>>> print(open('data05.tsv').read())   # TSV, C-alpha atoms
chain	number	residue	atom	x	y	z
A	30	MET	CA	-9.11	18.56	1.36
A	31	VAL	CA	-9.83	16.15	4.20
A	32	TRP	CA	-11.46	13.66	1.83
A	33	GLN	CA	-8.62	13.95	-0.59
A	34	LEU	CA	-6.12	13.24	2.18
A	35	PHE	CA	-8.17	10.26	3.27
A	36	TRP	CA	-8.34	8.71	-0.20
A	37	VAL	CA	-4.70	9.30	-1.04
A	38	PHE	CA	-3.65	7.55	2.15
A	39	VAL	CA	-6.12	4.70	1.65
A	40	LYS	CA	-4.42	4.14	-1.69
A	41	ILE	CA	-0.99	4.24	-0.05
A	42	GLY	CA	-2.15	1.92	2.73
A	43	LEU	CA	-3.31	-0.66	0.20
A	44	MET	CA	0.14	-0.75	-1.35
A	45	SER	CA	2.18	-0.69	1.84
A	46	PHE	CA	3.61	-4.18	1.48
A	47	GLY	CA	6.89	-4.49	3.29
A	48	GLY	CA	6.01	-1.86	5.86
A	49	GLY	CA	7.19	1.64	6.58
A	50	TYR	CA	10.43	2.11	4.74
A	51	ALA	CA	9.17	0.69	1.46
A	52	VAL	CA	6.17	3.02	1.72
A	53	LEU	CA	8.16	6.20	2.30
A	54	THR	CA	9.00	6.34	-1.41
A	55	LEU	CA	5.35	5.98	-2.29
A	56	ILE	CA	4.26	8.63	0.19
A	57	GLN	CA	6.82	11.08	-1.08
A	58	ARG	CA	5.71	10.42	-4.62
A	59	GLU	CA	2.04	11.04	-3.92
A	60	VAL	CA	2.79	14.07	-1.79
A	61	ALA	CA	5.09	15.64	-4.37
A	62	ALA	CA	2.55	15.05	-7.15
A	63	ARG	CA	0.07	17.17	-5.22
A	64	ASN	CA	2.53	19.83	-4.06
A	65	TRP	CA	1.61	19.12	-0.47
A	66	VAL	CA	4.89	19.48	1.38
A	67	ASP	CA	8.22	20.43	-0.15
A	68	PRO	CA	11.18	17.98	-0.05
A	69	GLY	CA	12.86	19.79	2.84
A	70	GLU	CA	9.70	19.68	4.91
A	71	PHE	CA	9.24	16.03	3.98
A	72	GLN	CA	12.67	15.17	5.37
A	73	GLU	CA	11.84	16.94	8.59
A	74	ILE	CA	8.57	15.00	8.80
A	75	VAL	CA	10.33	11.67	8.31
A	76	ALA	CA	12.88	12.54	10.99
A	77	LEU	CA	10.06	13.37	13.43
A	78	ALA	CA	8.14	10.24	12.41
A	79	GLY	CA	11.21	8.16	13.17
A	80	MET	CA	11.41	9.58	16.68
A	81	ALA	CA	7.91	8.59	17.75
A	82	PRO	CA	7.01	5.01	18.60
A	83	GLY	CA	5.07	3.00	16.07
A	84	SER	CA	5.14	2.84	12.31
A	85	ILE	CA	7.23	5.45	10.53
A	86	ALA	CA	4.75	5.42	7.63
A	87	THR	CA	1.70	5.96	9.82
A	88	ASN	CA	3.47	8.71	11.75
A	89	ALA	CA	4.48	10.42	8.51
A	90	ALA	CA	0.85	10.20	7.34
A	91	THR	CA	-0.30	11.87	10.56
A	92	LEU	CA	2.18	14.73	10.14
A	93	ILE	CA	1.44	15.29	6.45
A	94	GLY	CA	-2.28	15.24	7.21
A	95	TYR	CA	-1.75	17.79	9.93
A	96	ALA	CA	0.37	20.05	7.73
A	97	GLU	CA	-2.26	20.03	4.99
A	98	GLY	CA	-5.57	19.83	6.81
A	99	GLY	CA	-5.09	20.51	10.51
A	100	ILE	CA	-6.39	18.06	13.11
A	101	ALA	CA	-9.11	16.74	10.80
A	102	GLY	CA	-6.52	16.17	8.10
A	103	ALA	CA	-4.26	14.32	10.52
A	104	ILE	CA	-7.09	12.01	11.56
A	105	ALA	CA	-8.17	11.45	7.95
A	106	ALA	CA	-4.64	10.56	6.79
A	107	THR	CA	-3.98	8.26	9.75
A	108	VAL	CA	-7.29	6.41	9.44
A	109	GLY	CA	-6.76	6.25	5.68
A	110	ILE	CA	-3.38	4.55	5.85
A	111	ILE	CA	-4.48	2.06	8.52
A	112	LEU	CA	-7.89	1.10	7.17
A	113	PRO	CA	-6.71	-1.15	4.30
A	114	SER	CA	-4.42	-3.08	6.67
A	115	LEU	CA	-7.27	-3.59	9.10
A	116	LEU	CA	-9.63	-4.88	6.41
A	117	ILE	CA	-7.06	-7.12	4.74
A	118	VAL	CA	-5.80	-8.64	7.99
A	119	VAL	CA	-9.32	-9.44	9.14
A	120	VAL	CA	-10.17	-11.09	5.81
A	121	LEU	CA	-6.87	-13.02	5.84
A	122	THR	CA	-7.47	-14.12	9.43
A	123	ALA	CA	-10.97	-15.26	8.58
A	124	CYS	CA	-9.78	-17.47	5.71
A	125	PHE	CA	-6.23	-18.14	6.84
A	126	LEU	CA	-6.43	-21.93	7.04
A	127	ARG	CA	-7.54	-22.21	3.45
A	128	LEU	CA	-4.75	-19.96	2.17
A	129	GLN	CA	-1.84	-21.32	4.15
A	130	GLY	CA	0.58	-23.34	2.04
A	131	ASN	CA	-1.25	-22.62	-1.21
A	132	ASP	CA	1.20	-22.77	-4.12
A	133	TRP	CA	-0.20	-19.68	-5.80
A	134	ILE	CA	0.22	-17.61	-2.67
A	135	ARG	CA	3.78	-18.91	-2.19
A	136	SER	CA	4.70	-18.09	-5.79
A	137	SER	CA	3.16	-14.62	-5.48
A	138	PHE	CA	5.24	-13.79	-2.44
A	139	TYR	CA	8.30	-15.26	-4.12
A	140	GLY	CA	7.86	-12.55	-6.75
A	141	LEU	CA	6.66	-9.79	-4.43
A	142	ARG	CA	9.46	-9.95	-1.87
A	143	PRO	CA	12.29	-8.91	-4.25
A	144	ILE	CA	10.12	-6.00	-5.39
A	145	VAL	CA	9.80	-4.83	-1.80
A	146	THR	CA	13.58	-5.17	-1.41
A	147	GLY	CA	14.00	-2.95	-4.47
A	148	LEU	CA	11.58	-0.39	-3.03
A	149	ILE	CA	13.52	-0.22	0.22
A	150	ILE	CA	16.88	0.13	-1.58
A	151	TYR	CA	15.39	2.94	-3.64
A	152	ALA	CA	14.04	4.59	-0.48
A	153	ALA	CA	17.56	4.60	0.99
A	154	ILE	CA	19.09	6.13	-2.15
A	155	HIS	CA	16.31	8.63	-2.64
A	156	PHE	CA	15.94	9.65	0.97
A	157	GLY	CA	19.70	9.92	1.32
A	158	PHE	CA	20.06	12.40	-1.51
A	159	SER	CA	16.78	14.23	-2.06
A	160	GLY	CA	16.11	17.62	-0.55
A	161	ARG	CA	19.82	18.15	-0.06
A	162	THR	CA	20.52	21.86	0.09
A	163	TYR	CA	24.28	21.60	0.33
A	164	PRO	CA	26.94	20.53	-2.20
A	165	LEU	CA	28.42	17.02	-2.20
A	166	GLN	CA	31.80	18.17	-0.93
A	167	SER	CA	30.89	20.04	2.19
A	168	TRP	CA	30.97	19.71	5.92
A	169	SER	CA	27.25	18.85	6.01
A	170	MET	CA	27.73	15.98	3.60
A	171	ALA	CA	30.72	14.65	5.50
A	172	GLY	CA	28.82	14.85	8.78
A	173	THR	CA	25.81	13.06	7.29
A	174	LEU	CA	28.01	10.29	5.92
A	175	LEU	CA	29.80	10.00	9.25
A	176	ILE	CA	26.54	9.61	11.17
A	177	THR	CA	25.05	7.21	8.62
A	178	GLY	CA	28.19	5.06	8.70
A	179	GLY	CA	28.32	5.09	12.49
A	180	CYS	CA	24.66	4.08	12.73
A	181	LEU	CA	25.17	1.23	10.27
A	182	LEU	CA	28.00	-0.08	12.40
A	183	LEU	CA	26.06	0.28	15.65
A	184	VAL	CA	22.89	-1.41	14.39
A	185	SER	CA	24.37	-4.23	12.35
A	186	LYS	CA	27.49	-5.03	14.33
A	187	TYR	CA	26.70	-4.10	17.90
A	188	LYS	CA	22.92	-4.70	17.73
A	189	VAL	CA	22.15	-1.36	19.32
A	190	HIS	CA	18.43	-0.66	19.57
A	191	PRO	CA	17.16	1.55	16.70
A	192	PHE	CA	15.69	4.08	19.11
A	193	ALA	CA	19.00	4.45	20.95
A	194	VAL	CA	20.66	5.00	17.57
A	195	ILE	CA	18.20	7.78	16.77
A	196	LEU	CA	18.87	9.53	20.08
A	197	LEU	CA	22.63	9.20	19.62
A	198	SER	CA	22.50	10.63	16.13
A	199	ALA	CA	20.44	13.59	17.34
A	200	ALA	CA	23.25	14.31	19.80
A	201	ALA	CA	25.85	13.78	17.08
A	202	GLY	CA	23.91	16.19	14.84
A	203	ILE	CA	24.04	18.90	17.52
A	204	ILE	CA	27.79	18.42	17.91
A	205	LEU	CA	28.65	18.21	14.21
A	206	PHE	CA	26.38	20.69	12.47
B	25	MET	CA	-29.41	-5.64	27.10
B	26	ASN	CA	-28.75	-9.33	27.40
B	27	ALA	CA	-25.89	-10.92	29.27
B	28	ALA	CA	-24.04	-12.08	26.15
B	29	PHE	CA	-23.94	-8.54	24.78
B	30	ILE	CA	-22.61	-7.13	28.01
B	31	GLN	CA	-20.02	-9.90	28.12
B	32	ARG	CA	-18.88	-9.06	24.59
B	33	MET	CA	-18.63	-5.33	25.28
B	34	LYS	CA	-16.61	-6.09	28.37
B	35	ARG	CA	-14.20	-8.19	26.33
B	36	ILE	CA	-13.85	-5.43	23.74
B	37	GLY	CA	-13.15	-2.94	26.53
B	38	GLN	CA	-10.41	-5.23	27.78
B	39	ILE	CA	-8.90	-5.55	24.31
B	40	PHE	CA	-8.87	-1.76	24.04
B	41	THR	CA	-7.08	-1.28	27.37
B	42	VAL	CA	-4.45	-3.93	26.69
B	43	PHE	CA	-3.52	-2.46	23.31
B	44	LEU	CA	-3.56	1.07	24.66
B	45	LYS	CA	-0.83	-0.14	27.01
B	46	ILE	CA	1.15	-1.88	24.26
B	47	GLY	CA	0.97	1.09	21.88
B	48	PRO	CA	3.55	3.43	23.40
B	49	SER	CA	5.96	0.54	23.91
B	50	THR	CA	6.28	-0.02	20.18
B	51	PHE	CA	9.53	1.91	20.13
B	52	GLY	CA	11.62	-0.48	18.15
B	53	GLY	CA	8.70	-1.40	16.01
B	54	GLY	CA	6.55	-4.33	15.06
B	55	TYR	CA	8.68	-7.35	15.74
B	56	ALA	CA	10.01	-5.95	18.99
B	57	MET	CA	6.38	-5.52	19.96
B	58	ILE	CA	5.63	-9.18	19.40
B	59	ALA	CA	7.54	-10.04	22.56
B	60	THR	CA	5.35	-7.60	24.51
B	61	ILE	CA	2.19	-9.00	22.93
B	62	GLU	CA	3.21	-12.53	23.81
B	63	GLN	CA	3.74	-11.56	27.40
B	64	GLU	CA	0.42	-9.73	27.71
B	65	ILE	CA	-1.88	-11.88	25.56
B	66	VAL	CA	-0.42	-15.37	25.92
B	67	HIS	CA	1.05	-15.39	29.42
B	68	ARG	CA	-0.82	-12.82	31.46
B	69	LYS	CA	-4.31	-12.92	29.91
B	70	ALA	CA	-4.16	-16.43	28.36
B	71	TRP	CA	-6.30	-15.20	25.45
B	72	MET	CA	-4.29	-17.02	22.80
B	73	SER	CA	-1.96	-19.99	22.50
B	74	LYS	CA	1.68	-19.80	21.42
B	75	GLU	CA	0.81	-21.61	18.18
B	76	GLU	CA	-1.66	-18.89	17.27
B	77	MET	CA	1.14	-16.36	17.70
B	78	GLY	CA	2.92	-18.08	14.81
B	79	ASP	CA	-0.14	-17.62	12.59
B	80	MET	CA	-0.26	-14.00	13.66
B	81	VAL	CA	3.34	-13.31	12.70
B	82	SER	CA	2.94	-14.82	9.25
B	83	ILE	CA	-0.30	-12.96	8.52
B	84	SER	CA	0.84	-9.59	9.81
B	85	GLY	CA	4.13	-9.90	7.95
B	86	SER	CA	2.50	-10.61	4.62
B	87	ALA	CA	-0.45	-8.18	4.66
B	88	PRO	CA	0.25	-4.58	3.68
B	89	GLY	CA	0.94	-2.22	6.54
B	90	GLY	CA	2.96	-2.26	9.72
B	91	VAL	CA	3.40	-5.43	11.74
B	92	ALA	CA	2.20	-3.71	14.91
B	93	VAL	CA	-1.16	-2.59	13.52
B	94	ASN	CA	-1.65	-5.86	11.67
B	95	SER	CA	-0.98	-7.94	14.77
B	96	ALA	CA	-3.45	-5.84	16.74
B	97	ALA	CA	-6.08	-6.40	14.04
B	98	PHE	CA	-5.43	-10.16	14.08
B	99	ILE	CA	-5.74	-10.54	17.85
B	100	GLY	CA	-8.69	-8.15	18.08
B	101	TYR	CA	-10.55	-10.10	15.42
B	102	ARG	CA	-9.81	-13.50	16.95
B	103	LEU	CA	-11.02	-12.33	20.35
B	104	GLY	CA	-13.87	-10.00	19.56
B	105	GLY	CA	-14.79	-10.12	15.86
B	106	TRP	CA	-14.94	-6.95	13.79
B	107	LEU	CA	-15.50	-4.67	16.76
B	108	GLY	CA	-12.58	-6.25	18.56
B	109	ALA	CA	-10.30	-5.65	15.57
B	110	ILE	CA	-11.35	-2.01	15.33
B	111	ALA	CA	-10.92	-1.45	19.07
B	112	ALA	CA	-7.44	-3.00	19.04
B	113	VAL	CA	-6.26	-0.97	16.04
B	114	ILE	CA	-7.57	2.32	17.47
B	115	ALA	CA	-6.00	1.56	20.84
B	116	ILE	CA	-2.57	0.77	19.40
B	117	THR	CA	-2.58	3.85	17.14
B	118	LEU	CA	-3.94	6.45	19.56
B	119	PRO	CA	-0.89	6.90	21.84
B	120	THR	CA	1.48	7.18	18.89
B	121	PHE	CA	-0.85	9.63	17.20
B	122	LEU	CA	-0.75	11.88	20.27
B	123	ILE	CA	3.03	11.55	20.67
B	124	VAL	CA	3.54	12.51	17.03
B	125	PHE	CA	1.44	15.60	17.63
B	126	LEU	CA	3.41	16.56	20.68
B	127	LEU	CA	6.69	16.16	18.79
B	128	SER	CA	5.44	18.19	15.87
B	129	ALA	CA	4.23	20.97	18.17
B	130	LEU	CA	7.58	20.99	19.94
B	131	SER	CA	9.50	21.08	16.68
B	132	ALA	CA	7.35	23.93	15.38
B	133	MET	CA	8.11	25.87	18.53
B	134	PHE	CA	11.85	25.38	18.16
B	135	LYS	CA	11.95	25.37	14.42
B	136	ASP	CA	14.36	28.26	14.16
B	137	ASN	CA	16.53	26.90	16.88
B	138	MET	CA	19.89	25.93	15.40
B	139	LYS	CA	20.37	23.03	17.76
B	140	VAL	CA	17.01	21.43	16.96
B	141	ALA	CA	17.64	21.76	13.24
B	142	ALA	CA	21.05	20.13	13.73
B	143	ALA	CA	19.52	17.29	15.75
B	144	LEU	CA	16.92	16.64	13.04
B	145	LYS	CA	19.68	16.55	10.46
B	146	GLY	CA	21.50	13.98	12.57
B	147	ILE	CA	18.34	11.88	12.84
B	148	HIS	CA	17.89	12.11	9.09
B	149	ALA	CA	21.29	10.51	8.64
B	150	ALA	CA	20.34	7.79	11.14
B	151	VAL	CA	17.08	7.04	9.33
B	152	VAL	CA	19.03	6.55	6.10
B	153	ALA	CA	21.19	3.99	7.94
B	154	LEU	CA	18.11	2.21	9.33
B	155	ILE	CA	16.61	2.01	5.85
B	156	MET	CA	19.86	0.50	4.57
B	157	VAL	CA	19.86	-2.12	7.33
B	158	ALA	CA	16.23	-2.91	6.49
B	159	ALA	CA	17.15	-3.33	2.83
B	160	VAL	CA	19.94	-5.79	3.69
B	161	LYS	CA	17.61	-7.86	5.89
B	162	MET	CA	14.86	-7.89	3.31
B	163	TRP	CA	17.44	-8.86	0.68
B	164	LYS	CA	18.47	-11.90	2.71
B	165	SER	CA	14.93	-13.28	2.82
B	166	SER	CA	13.94	-12.37	-0.73
B	167	VAL	CA	16.91	-12.81	-3.06
B	168	LEU	CA	17.03	-16.59	-3.24
B	169	ASP	CA	18.17	-17.20	-6.82
B	170	THR	CA	19.03	-15.48	-10.10
B	171	ALA	CA	15.40	-14.71	-10.93
B	172	THR	CA	14.79	-12.83	-7.67
B	173	LEU	CA	18.13	-11.05	-8.02
B	174	VAL	CA	17.12	-9.85	-11.49
B	175	ILE	CA	13.73	-8.67	-10.18
B	176	THR	CA	15.40	-6.66	-7.40
B	177	ILE	CA	17.91	-5.00	-9.73
B	178	LEU	CA	15.19	-4.31	-12.27
B	179	THR	CA	12.99	-2.71	-9.60
B	180	VAL	CA	15.71	-0.30	-8.44
B	181	THR	CA	16.71	0.54	-12.03
B	182	LEU	CA	13.12	1.22	-13.07
B	183	LEU	CA	12.52	3.42	-10.04
B	184	LEU	CA	15.71	5.40	-10.56
B	185	LEU	CA	15.44	5.87	-14.29
B	186	THR	CA	11.77	5.93	-15.23
B	187	GLY	CA	9.87	7.13	-12.20
B	188	ILE	CA	7.40	4.27	-12.59
B	189	HIS	CA	4.66	4.18	-9.97
B	190	SER	CA	5.29	1.59	-7.22
B	191	LEU	CA	1.75	0.29	-7.72
B	192	TYR	CA	2.69	-1.35	-11.02
B	193	LEU	CA	5.71	-2.95	-9.42
B	194	ILE	CA	3.69	-4.27	-6.51
B	195	LEU	CA	1.07	-5.68	-8.87
B	196	GLY	CA	3.74	-7.05	-11.20
B	197	GLY	CA	5.67	-8.84	-8.45
B	198	PRO	CA	3.15	-11.61	-7.72
B	199	LEU	CA	2.50	-12.09	-11.46
B	200	ALA	CA	6.22	-12.46	-12.13
B	201	GLY	CA	6.50	-14.86	-9.19
B	202	ILE	CA	3.69	-17.11	-10.43
B	203	LEU	CA	5.09	-17.05	-13.97
B	204	ILE	CA	8.67	-17.84	-12.92
B	205	VAL	CA	7.65	-20.68	-10.63
B	206	TYR	CA	5.41	-22.11	-13.36
B	207	MET	CA	8.16	-21.92	-16.01
B	208	LYS	CA	10.78	-23.39	-13.73
B	209	LYS	CA	8.51	-26.28	-12.85
B	210	LYS	CA	7.83	-26.84	-16.55
B	211	CYS	CA	11.55	-27.10	-17.12
B	212	GLY	CA	11.78	-29.62	-14.34
B	213	LEU	CA	13.57	-27.33	-11.91
B	214	THR	CA	12.76	-27.17	-8.23
B	215	VAL	CA	12.07	-23.73	-6.84
B	216	GLN	CA	12.64	-22.66	-3.31
B	217	THR	CA	9.94	-20.06	-2.79
B	218	GLU	CA	10.79	-19.27	0.79
B	219	LYS	CA	13.89	-18.92	2.85
B	220	GLY	CA	14.80	-22.22	4.52
B	221	GLN	CA	13.60	-22.94	8.04
B	222	GLY	CA	15.83	-22.88	11.05
B	223	GLU	CA	17.56	-19.57	10.52
B	224	PRO	CA	20.57	-19.58	12.81
B	225	GLU	CA	20.33	-16.08	14.25
B	226	ARG	CA	17.23	-14.95	16.02
B	227	GLU	CA	17.47	-11.26	16.72
B	228	LEU	CA	15.63	-9.13	19.18
B	229	HIS	CA	15.46	-5.99	17.09
B	230	PHE	CA	14.22	-5.96	13.56
B	231	PRO	CA	15.04	-2.49	12.30
B	232	GLU	CA	13.13	-3.11	9.09
B	233	TYR	CA	10.00	-3.23	11.13
B	234	TYR	CA	10.66	0.00	12.92
B	235	ILE	CA	7.56	1.02	11.11
>>> encode(input="data05.tsv", output="structure tokens")
Amino acid sequence: MVWQLFWVFVKIGLMSFGGGYAVLTLIQREVAARNWVDPGEFQEIVALAGMAPGSIATNAATLIGYAEGGIAGAIAATVGIILPSLLIVVVLTACFLRLQGNDWIRSSFYGLRPIVTGLIIYAAIHFGFSGRTYPLQSWSMAGTLLITGGCLLLVSKYKVHPFAVILLSAAAGIILF
Amino acid sequence: MNAAFIQRMKRIGQIFTVFLKIGPSTFGGGYAMIATIEQEIVHRKAWMSKEEMGDMVSISGSAPGGVAVNSAAFIGYRLGGWLGAIAAVIAITLPTFLIVFLLSALSAMFKDNMKVAAALKGIHAAVVALIMVAAVKMWKSSVLDTATLVITILTVTLLLLTGIHSLYLILGGPLAGILIVYMKKKCGLTVQTEKGQGEPERELHFPEYYI
């Protein structure tokens, strides 16, 4: 189990271009394929992961590892998701001067960036609607939309810090639900 | 034990302590952390120059993974080789790892508490908003012309309708990029492969890197 967790998260780590939010989709995919945590549990994990400092993807890996394989599983999943980044960054750093400004690299990122954008958009759609246990026209849905809309306004218009937004929405959740 | 070895171990110990300190302050994520790193590494310790910070940001933004971990790996490697990189990455991850555990233990304890469940539901709604903000920001730096717009729409459509594995998309992206740039150049068109320099707004928080 521990090895399996490790390898699955190494694979995810290798593909985690664009950082946490783009990876959430991938993590959920891999986790669902193995029946590791159910969608409801996954949502809870992501909420917890968003509360802790650091990468939401790494935090989610830690929690999924813990749920499936205890402390050893948590360590295996965390090391697994970080290891590819560590290796790739060191190699890139070592040969950075030769790569910088290379036309091939520029073209590759020109094509990769819109893919990452697509992955993040999908994560928003998917994460917004999956694991929903209540109908579309209900108080829960209205409350969720209200909080999401309020957060959008706070972050994009008033430049409120993401962590403050998370705390505020926890309070709003207690009041509304 | 020669003096050089002891010197190196000492340096690696220092790297570890500095990143252990930076780790818990990564609330607000990677790019918010870069300000902290600059203060610690460039100003206080004078381990790196400001120009090197620029290299760091471009490498850690383009490699897979979170900006925070990637930056730690970059600095650790520059200062102390492989061991330095490993020490920095462990140090920046360890505090978060423990905090995540604490949170998960707390939530397990209060799992059946109505108020905690309601708070988590509220946070879930907030995370959706943060993901949306991240998508908008990423859109601004990636959708530069019709070709990139088509790629983005195609990606979302494929994910929604076919359940294609992201791996194929991530592998296909660079190939498509190289092909499009090549074709456009053949047709005598100029391609802007990156967002223009001198972006007017420089923000403190980058929600997309709350990762």
>>> residues_around(input="data05.tsv", residues="A:Arg63", least_positions_apart="3", cutoff="12 Å", atoms="all atoms listed in the file", output="PDB file with C-alpha atoms, in the coordinates of the input")
ATOM      1  CA  MET A  30      -9.110  18.560   1.360  1.00  0.00           C
ATOM      2  CA  GLN A  33      -8.620  13.950  -0.590  1.00  0.00           C
ATOM      3  CA  LEU A  34      -6.120  13.240   2.180  1.00  0.00           C
ATOM      4  CA  VAL A  37      -4.700   9.300  -1.040  1.00  0.00           C
ATOM      5  CA  ILE A  56       4.260   8.630   0.190  1.00  0.00           C
ATOM      6  CA  GLN A  57       6.820  11.080  -1.080  1.00  0.00           C
ATOM      7  CA  ARG A  58       5.710  10.420  -4.620  1.00  0.00           C
ATOM      8  CA  GLU A  59       2.040  11.040  -3.920  1.00  0.00           C
ATOM      9  CA  VAL A  60       2.790  14.070  -1.790  1.00  0.00           C
ATOM     10  CA  VAL A  66       4.890  19.480   1.380  1.00  0.00           C
ATOM     11  CA  ASP A  67       8.220  20.430  -0.150  1.00  0.00           C
ATOM     12  CA  ILE A  93       1.440  15.290   6.450  1.00  0.00           C
ATOM     13  CA  GLU A  97      -2.260  20.030   4.990  1.00  0.00           C
TER      14      GLU A  97
END
>>> atom_distance(input="data05.tsv", atom1="atom CA of B:Ala115", atom2="atom CA of A:Gly83")
12.1 Å
>>> closest_atom_pairs(input="data05.tsv", of="chain A", to="chain B", cutoff="6 Å", atoms="all atoms listed in the file", output="Markdown table")
| residue | atom | partner | partner_atom | distance |
| --- | --- | --- | --- | --- |
| A:Ser45 | CA | B:Pro88 | CA | 4.7 |
| A:Phe46 | CA | B:Pro88 | CA | 4.0 |
| A:Gly48 | CA | B:Gly90 | CA | 4.9 |
| A:Gly49 | CA | B:Ile235 | CA | 4.6 |
| A:Ala76 | CA | B:His148 | CA | 5.4 |
| A:Ala81 | CA | B:Val124 | CA | 5.9 |
| A:Pro82 | CA | B:Phe51 | CA | 4.3 |
| A:Gly83 | CA | B:Thr50 | CA | 5.2 |
| A:Ser84 | CA | B:Ile235 | CA | 3.3 |
| A:Ile85 | CA | B:Ile235 | CA | 4.5 |
| A:Ser114 | CA | B:Gly89 | CA | 5.4 |
| A:Leu115 | CA | B:Ala97 | CA | 5.8 |
| A:Ser136 | CA | B:Ile202 | CA | 4.8 |
| A:Ser137 | CA | B:Pro198 | CA | 3.8 |
| A:Tyr139 | CA | B:Thr217 | CA | 5.2 |
| A:Gly140 | CA | B:Gly201 | CA | 3.6 |
| A:Leu141 | CA | B:Gly197 | CA | 4.2 |
| A:Arg142 | CA | B:Ser166 | CA | 5.2 |
| A:Pro143 | CA | B:Thr176 | CA | 5.0 |
| A:Ile144 | CA | B:Thr176 | CA | 5.7 |
| A:Thr146 | CA | B:Met162 | CA | 5.6 |
| A:Gly147 | CA | B:Thr176 | CA | 4.9 |
| A:Ile149 | CA | B:Ala159 | CA | 5.4 |
| A:Ile150 | CA | B:Ala159 | CA | 5.6 |
| A:Tyr151 | CA | B:Val180 | CA | 5.8 |
| A:Ala153 | CA | B:Ile155 | CA | 5.6 |
| A:Gly157 | CA | B:Val152 | CA | 5.9 |
| A:Thr173 | CA | B:Ala149 | CA | 5.4 |
| A:Ile176 | CA | B:Ala149 | CA | 5.9 |
| A:Thr177 | CA | B:Ala149 | CA | 5.0 |
| A:Cys180 | CA | B:Ala150 | CA | 5.9 |
| A:Leu181 | CA | B:Ala153 | CA | 5.4 |
| A:Ile195 | CA | B:Ile147 | CA | 5.7 |
| A:Ser198 | CA | B:Gly146 | CA | 5.0 |
| A:Ala199 | CA | B:Ala143 | CA | 4.1 |
| A:Gly202 | CA | B:Gly146 | CA | 4.0 |
| A:Ile203 | CA | B:Ala142 | CA | 5.0 |
| A:Phe206 | CA | B:Ala142 | CA | 5.5 |
>>> write_last_selection(input="data05.tsv", atoms="C-alpha atoms", output="compact mmCIF listing (two decimals), keeping the file's coordinate frame")
# COMPACT_ATOMS: atom_id res chain seq x y z
CA SER A 45 2.18 -0.69 1.84
CA PHE A 46 3.61 -4.18 1.48
CA GLY A 48 6.01 -1.86 5.86
CA GLY A 49 7.19 1.64 6.58
CA ALA A 76 12.88 12.54 10.99
CA ALA A 81 7.91 8.59 17.75
CA PRO A 82 7.01 5.01 18.60
CA GLY A 83 5.07 3.00 16.07
CA SER A 84 5.14 2.84 12.31
CA ILE A 85 7.23 5.45 10.53
CA SER A 114 -4.42 -3.08 6.67
CA LEU A 115 -7.27 -3.59 9.10
CA SER A 136 4.70 -18.09 -5.79
CA SER A 137 3.16 -14.62 -5.48
CA TYR A 139 8.30 -15.26 -4.12
CA GLY A 140 7.86 -12.55 -6.75
CA LEU A 141 6.66 -9.79 -4.43
CA ARG A 142 9.46 -9.95 -1.87
CA PRO A 143 12.29 -8.91 -4.25
CA ILE A 144 10.12 -6.00 -5.39
CA THR A 146 13.58 -5.17 -1.41
CA GLY A 147 14.00 -2.95 -4.47
CA ILE A 149 13.52 -0.22 0.22
CA ILE A 150 16.88 0.13 -1.58
CA TYR A 151 15.39 2.94 -3.64
CA ALA A 153 17.56 4.60 0.99
CA GLY A 157 19.70 9.92 1.32
CA THR A 173 25.81 13.06 7.29
CA ILE A 176 26.54 9.61 11.17
CA THR A 177 25.05 7.21 8.62
CA CYS A 180 24.66 4.08 12.73
CA LEU A 181 25.17 1.23 10.27
CA ILE A 195 18.20 7.78 16.77
CA SER A 198 22.50 10.63 16.13
CA ALA A 199 20.44 13.59 17.34
CA GLY A 202 23.91 16.19 14.84
CA ILE A 203 24.04 18.90 17.52
CA PHE A 206 26.38 20.69 12.47
>>> atom_distance(input="data05.tsv", atom1="atom CA of B:Met77", atom2="atom CA of A:Ile117")
17.9 Å
>>> atom_distance(input="data05.tsv", atom1="atom CA of B:Ala132", atom2="atom CA of A:Ile154")
27.6 Å
>>> axis_aligned_box(input="data05.tsv", around="stretch 138-141 of chain B", padding_each_side="3 Å", output="lines of an AutoDock Vina configuration file")
center_x = 18.7
center_y = 23.7
center_z = 15.5
size_x = 9.4
size_y = 10.5
size_z = 10.5
>>> closest_residue(input="data05.tsv", among="B:Ile39, B:Ala111, B:Lys208, B:Lys69", to="B:Thr170", atoms="all atoms listed in the file")
B:Lys208
>>> decode(input="data05.tsv", residues="stretch 34-45 of chain A", atoms="C-alpha atoms", output="PDB file, in the first residue's frame")
ATOM      1  CA  LEU A  34       0.838   5.484  -2.654  1.00  0.00           C
ATOM      2  CA  PHE A  35       4.403   6.566  -3.285  1.00  0.00           C
ATOM      3  CA  TRP A  36       4.361   5.682  -6.984  1.00  0.00           C
ATOM      4  CA  VAL A  37       0.949   7.149  -7.674  1.00  0.00           C
ATOM      5  CA  PHE A  38       2.039  10.458  -6.174  1.00  0.00           C
ATOM      6  CA  VAL A  39       5.390  10.405  -7.981  1.00  0.00           C
ATOM      7  CA  LYS A  40       3.384  10.132 -11.179  1.00  0.00           C
ATOM      8  CA  ILE A  41       1.131  13.012 -10.110  1.00  0.00           C
ATOM      9  CA  GLY A  42       4.146  15.089  -9.063  1.00  0.00           C
ATOM     10  CA  LEU A  43       5.716  14.679 -12.497  1.00  0.00           C
ATOM     11  CA  MET A  44       2.616  16.093 -14.131  1.00  0.00           C
ATOM     12  CA  SER A  45       1.932  18.905 -11.698  1.00  0.00           C
TER      13      SER A  45
END
